[in-house]
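As provided, entry37.cif (mmCIF, N, CA and C atoms) reads as follows.
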data_start
#
loop_
_atom_site.label_atom_id
_atom_site.label_comp_id
_atom_site.auth_asym_id
_atom_site.auth_seq_id
_atom_site.Cartn_x
_atom_site.Cartn_y
_atom_site.Cartn_z
N MET A 8 -9.20 -7.05 -6.05
CA MET A 8 -8.31 -5.93 -5.84
C MET A 8 -6.91 -6.40 -5.43
N PHE A 9 -6.82 -7.54 -4.76
CA PHE A 9 -5.52 -8.05 -4.33
C PHE A 9 -4.58 -8.38 -5.49
N PRO A 10 -5.07 -8.95 -6.62
CA PRO A 10 -4.14 -9.23 -7.72
C PRO A 10 -3.48 -7.98 -8.30
N ASP A 11 -4.10 -6.81 -8.13
CA ASP A 11 -3.48 -5.58 -8.63
C ASP A 11 -2.13 -5.33 -7.98
N TYR A 12 -2.04 -5.56 -6.68
CA TYR A 12 -0.79 -5.34 -5.98
C TYR A 12 0.28 -6.32 -6.43
N ILE A 13 -0.14 -7.56 -6.68
CA ILE A 13 0.82 -8.57 -7.13
C ILE A 13 1.31 -8.25 -8.53
N ILE A 14 0.43 -7.77 -9.39
CA ILE A 14 0.83 -7.41 -10.75
C ILE A 14 1.81 -6.25 -10.72
N ILE A 15 1.53 -5.24 -9.92
CA ILE A 15 2.45 -4.09 -9.81
C ILE A 15 3.79 -4.53 -9.23
N LEU A 16 3.78 -5.41 -8.23
CA LEU A 16 5.02 -5.93 -7.65
C LEU A 16 5.81 -6.74 -8.67
N LEU A 17 5.14 -7.56 -9.48
CA LEU A 17 5.83 -8.34 -10.50
C LEU A 17 6.42 -7.45 -11.58
N ILE A 18 5.73 -6.38 -11.94
CA ILE A 18 6.28 -5.44 -12.92
C ILE A 18 7.54 -4.78 -12.36
N ALA A 19 7.49 -4.35 -11.12
CA ALA A 19 8.67 -3.72 -10.50
C ALA A 19 9.82 -4.71 -10.39
N ALA A 20 9.52 -5.96 -9.98
CA ALA A 20 10.58 -6.97 -9.84
C ALA A 20 11.19 -7.30 -11.20
N GLY A 21 10.36 -7.40 -12.22
CA GLY A 21 10.87 -7.66 -13.57
C GLY A 21 11.74 -6.53 -14.08
N ALA A 22 11.35 -5.31 -13.80
CA ALA A 22 12.16 -4.16 -14.23
C ALA A 22 13.50 -4.12 -13.50
N ILE A 23 13.49 -4.44 -12.21
CA ILE A 23 14.74 -4.46 -11.45
C ILE A 23 15.65 -5.57 -11.96
N ARG A 24 15.06 -6.74 -12.26
CA ARG A 24 15.85 -7.85 -12.80
C ARG A 24 16.44 -7.47 -14.15
N PHE A 25 15.64 -6.83 -15.00
CA PHE A 25 16.13 -6.38 -16.30
C PHE A 25 17.25 -5.36 -16.15
N PHE A 26 17.14 -4.49 -15.14
CA PHE A 26 18.18 -3.49 -14.89
C PHE A 26 19.52 -4.17 -14.59
N PHE A 27 19.50 -5.20 -13.76
CA PHE A 27 20.76 -5.86 -13.40
C PHE A 27 21.32 -6.71 -14.53
N GLN A 28 20.49 -7.16 -15.46
CA GLN A 28 20.98 -8.00 -16.56
C GLN A 28 21.34 -7.19 -17.80
N SER A 29 20.89 -5.96 -17.89
CA SER A 29 21.13 -5.16 -19.09
C SER A 29 22.46 -4.43 -18.99
N SER A 30 23.13 -4.34 -20.13
CA SER A 30 24.38 -3.59 -20.16
C SER A 30 24.23 -2.29 -20.95
N GLU A 31 23.05 -2.05 -21.50
CA GLU A 31 22.82 -0.83 -22.26
C GLU A 31 22.34 0.29 -21.34
N ASP A 32 22.80 1.49 -21.60
CA ASP A 32 22.49 2.62 -20.72
C ASP A 32 21.02 3.02 -20.77
N VAL A 33 20.48 3.16 -21.96
CA VAL A 33 19.10 3.62 -22.10
C VAL A 33 18.13 2.60 -21.51
N ALA A 34 18.36 1.33 -21.77
CA ALA A 34 17.49 0.29 -21.23
C ALA A 34 17.55 0.26 -19.70
N SER A 35 18.71 0.47 -19.14
CA SER A 35 18.85 0.48 -17.69
C SER A 35 18.09 1.65 -17.06
N VAL A 36 18.20 2.82 -17.68
CA VAL A 36 17.50 3.99 -17.16
C VAL A 36 15.99 3.79 -17.25
N LEU A 37 15.52 3.25 -18.35
CA LEU A 37 14.09 2.98 -18.50
C LEU A 37 13.61 1.94 -17.50
N ALA A 38 14.42 0.92 -17.25
CA ALA A 38 14.05 -0.11 -16.28
C ALA A 38 13.93 0.48 -14.88
N VAL A 39 14.84 1.36 -14.51
CA VAL A 39 14.77 2.01 -13.20
C VAL A 39 13.53 2.90 -13.13
N GLY A 40 13.23 3.60 -14.19
CA GLY A 40 12.04 4.45 -14.22
C GLY A 40 10.76 3.65 -14.06
N VAL A 41 10.67 2.53 -14.76
CA VAL A 41 9.49 1.67 -14.65
C VAL A 41 9.39 1.09 -13.24
N ALA A 42 10.51 0.67 -12.67
CA ALA A 42 10.49 0.11 -11.32
C ALA A 42 10.05 1.15 -10.30
N LEU A 43 10.58 2.37 -10.40
CA LEU A 43 10.18 3.43 -9.46
C LEU A 43 8.72 3.81 -9.62
N ALA A 44 8.25 3.90 -10.86
CA ALA A 44 6.85 4.23 -11.09
C ALA A 44 5.94 3.14 -10.54
N SER A 45 6.33 1.89 -10.72
CA SER A 45 5.53 0.77 -10.21
C SER A 45 5.50 0.77 -8.68
N LEU A 46 6.63 1.03 -8.07
CA LEU A 46 6.68 1.05 -6.61
C LEU A 46 5.87 2.22 -6.04
N ILE A 47 5.93 3.37 -6.70
CA ILE A 47 5.15 4.53 -6.23
C ILE A 47 3.66 4.26 -6.41
N CYS A 48 3.27 3.72 -7.56
CA CYS A 48 1.85 3.40 -7.78
C CYS A 48 1.37 2.34 -6.81
N GLY A 49 2.20 1.35 -6.57
CA GLY A 49 1.84 0.30 -5.62
C GLY A 49 1.66 0.85 -4.21
N PHE A 50 2.53 1.78 -3.83
CA PHE A 50 2.40 2.39 -2.51
C PHE A 50 1.16 3.27 -2.43
N ALA A 51 0.86 3.98 -3.50
CA ALA A 51 -0.31 4.87 -3.50
C ALA A 51 -1.62 4.08 -3.48
N LEU A 52 -1.65 2.93 -4.09
CA LEU A 52 -2.86 2.12 -4.16
C LEU A 52 -3.03 1.18 -2.97
N ALA A 53 -1.99 1.04 -2.17
CA ALA A 53 -2.05 0.11 -1.04
C ALA A 53 -2.98 0.66 0.04
N PRO A 54 -3.61 -0.23 0.80
CA PRO A 54 -4.45 0.23 1.91
C PRO A 54 -3.60 0.89 2.99
N TRP A 55 -4.22 1.70 3.84
CA TRP A 55 -3.46 2.48 4.80
C TRP A 55 -2.69 1.64 5.82
N PRO A 56 -3.14 0.44 6.25
CA PRO A 56 -2.29 -0.33 7.16
C PRO A 56 -0.97 -0.76 6.50
N VAL A 57 -1.03 -1.08 5.20
CA VAL A 57 0.19 -1.46 4.49
C VAL A 57 1.10 -0.24 4.35
N GLN A 58 0.53 0.92 4.04
CA GLN A 58 1.33 2.14 3.95
C GLN A 58 1.99 2.47 5.28
N LEU A 59 1.24 2.31 6.37
CA LEU A 59 1.80 2.57 7.69
C LEU A 59 2.94 1.60 8.01
N GLY A 60 2.77 0.34 7.64
CA GLY A 60 3.83 -0.65 7.86
C GLY A 60 5.08 -0.33 7.06
N ILE A 61 4.90 0.09 5.82
CA ILE A 61 6.05 0.47 4.99
C ILE A 61 6.75 1.69 5.58
N LEU A 62 5.97 2.68 6.02
CA LEU A 62 6.54 3.88 6.61
C LEU A 62 7.34 3.56 7.87
N LEU A 63 6.78 2.74 8.74
CA LEU A 63 7.49 2.37 9.97
C LEU A 63 8.76 1.56 9.67
N THR A 64 8.69 0.70 8.68
CA THR A 64 9.87 -0.08 8.29
C THR A 64 10.98 0.83 7.79
N VAL A 65 10.62 1.81 6.96
CA VAL A 65 11.62 2.74 6.44
C VAL A 65 12.22 3.58 7.57
N LEU A 66 11.40 4.05 8.49
CA LEU A 66 11.91 4.86 9.59
C LEU A 66 12.84 4.07 10.50
N VAL A 67 12.47 2.83 10.81
CA VAL A 67 13.33 2.00 11.66
C VAL A 67 14.63 1.67 10.94
N TRP A 68 14.54 1.34 9.64
CA TRP A 68 15.74 1.03 8.87
C TRP A 68 16.67 2.23 8.80
N GLU A 69 16.09 3.43 8.61
CA GLU A 69 16.90 4.64 8.54
C GLU A 69 17.60 4.90 9.87
N ARG A 70 16.88 4.73 10.97
CA ARG A 70 17.47 4.96 12.28
C ARG A 70 18.61 3.98 12.55
N LEU A 71 18.42 2.70 12.19
CA LEU A 71 19.48 1.71 12.39
C LEU A 71 20.65 1.97 11.46
N TYR A 72 20.38 2.39 10.23
CA TYR A 72 21.43 2.68 9.28
C TYR A 72 22.26 3.88 9.71
N LEU A 73 21.59 4.92 10.20
CA LEU A 73 22.32 6.12 10.62
C LEU A 73 23.12 5.85 11.89
N ARG A 74 22.67 4.93 12.72
CA ARG A 74 23.40 4.59 13.93
C ARG A 74 24.72 3.89 13.60
N GLN A 75 24.78 3.18 12.46
CA GLN A 75 25.98 2.47 12.06
C GLN A 75 27.00 3.36 11.36
N GLN A 76 26.58 4.51 10.88
CA GLN A 76 27.47 5.41 10.16
C GLN A 76 28.34 6.18 11.16
N PRO A 77 29.62 6.35 10.84
CA PRO A 77 30.48 7.13 11.72
C PRO A 77 30.10 8.62 11.68
N ASN A 78 30.24 9.26 12.80
CA ASN A 78 29.95 10.70 12.86
C ASN A 78 31.17 11.48 12.40
N THR A 79 31.09 12.03 11.21
CA THR A 79 32.19 12.83 10.68
C THR A 79 31.69 14.25 10.52
N LYS A 80 32.35 15.16 11.17
CA LYS A 80 31.97 16.57 11.08
C LYS A 80 33.09 17.31 10.36
N PRO A 81 32.71 18.19 9.42
CA PRO A 81 33.74 18.93 8.67
C PRO A 81 34.45 19.96 9.49
#
Do you think you could lay out the structure here as structure tokens?
Amino acid sequence: MFPDYIIILLIAAGAIRFFFQSSEDVASVLAVGVALASLICGFALAPWPVQLGILLTVLVWERLYLRQQPNTKP
């Protein structure tokens, strides 16, 4: 079961690499779509401790990122 996660990660990494190297619009959009689908499938198939770790990482990163942004009110 472990190689499944590595295969999905390699597909996503390859699609992201292709996105940065491609200059064509359609190919770039398809590469982003494949990368997002791979990342979503990888997250859905991951065991719950890995999902919890990813969730906590995103929440901490968001909190640190928002703390660095200036407070601008309209």
Atom-to-atom span, atom CA of A:Gln28 and atom CA of A:Ala51, Å: 28.1 Å
Residues selected by the PyMOL selection byres (((chain A and resi 38 and name CA) around 7) and name CA), written as a PyMOL selection string: chain A and resi 22-23+25-26+34-37+39-42
Centre, edges in Å (one decimal): axis-aligned box, stretch 62-75 of chain A, 6 Å padding on all six sides, as JSON:
{"center_x": 16.5, "center_y": 3.0, "center_z": 10.0, "size_x": 33.0, "size_y": 18.2, "size_z": 19.9}
Calculated over only C-alpha atoms, which of the candidates A:Val57, A:Leu71, A:Leu66, A:Leu16 has the smallest distance to A:Ala44?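 Looking only at the distances to A:Ala44, the closest residue turns out to be A:Leu16.
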Point-to-point distance in Å for atom C of A:Gly49 and atom CA of A:Tyr12: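 Here the two named atoms are 6.9 Å from each other.
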Coordinates-based distance that separates atom C of A:Arg74 from atom C of A:Leu59 (Å, one decimal):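 The value is 22.6 Å.
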Mind checking which residues fall within 6.5 Å of A:Ile15, counting only N, CA and C atoms, ignoring those fewer than 5 positions away in the same chain, and posting them as a list in words?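 In the requested format, the answer is Pro10, Ala20, Ser45, Leu46 and Gly49 of chain A.
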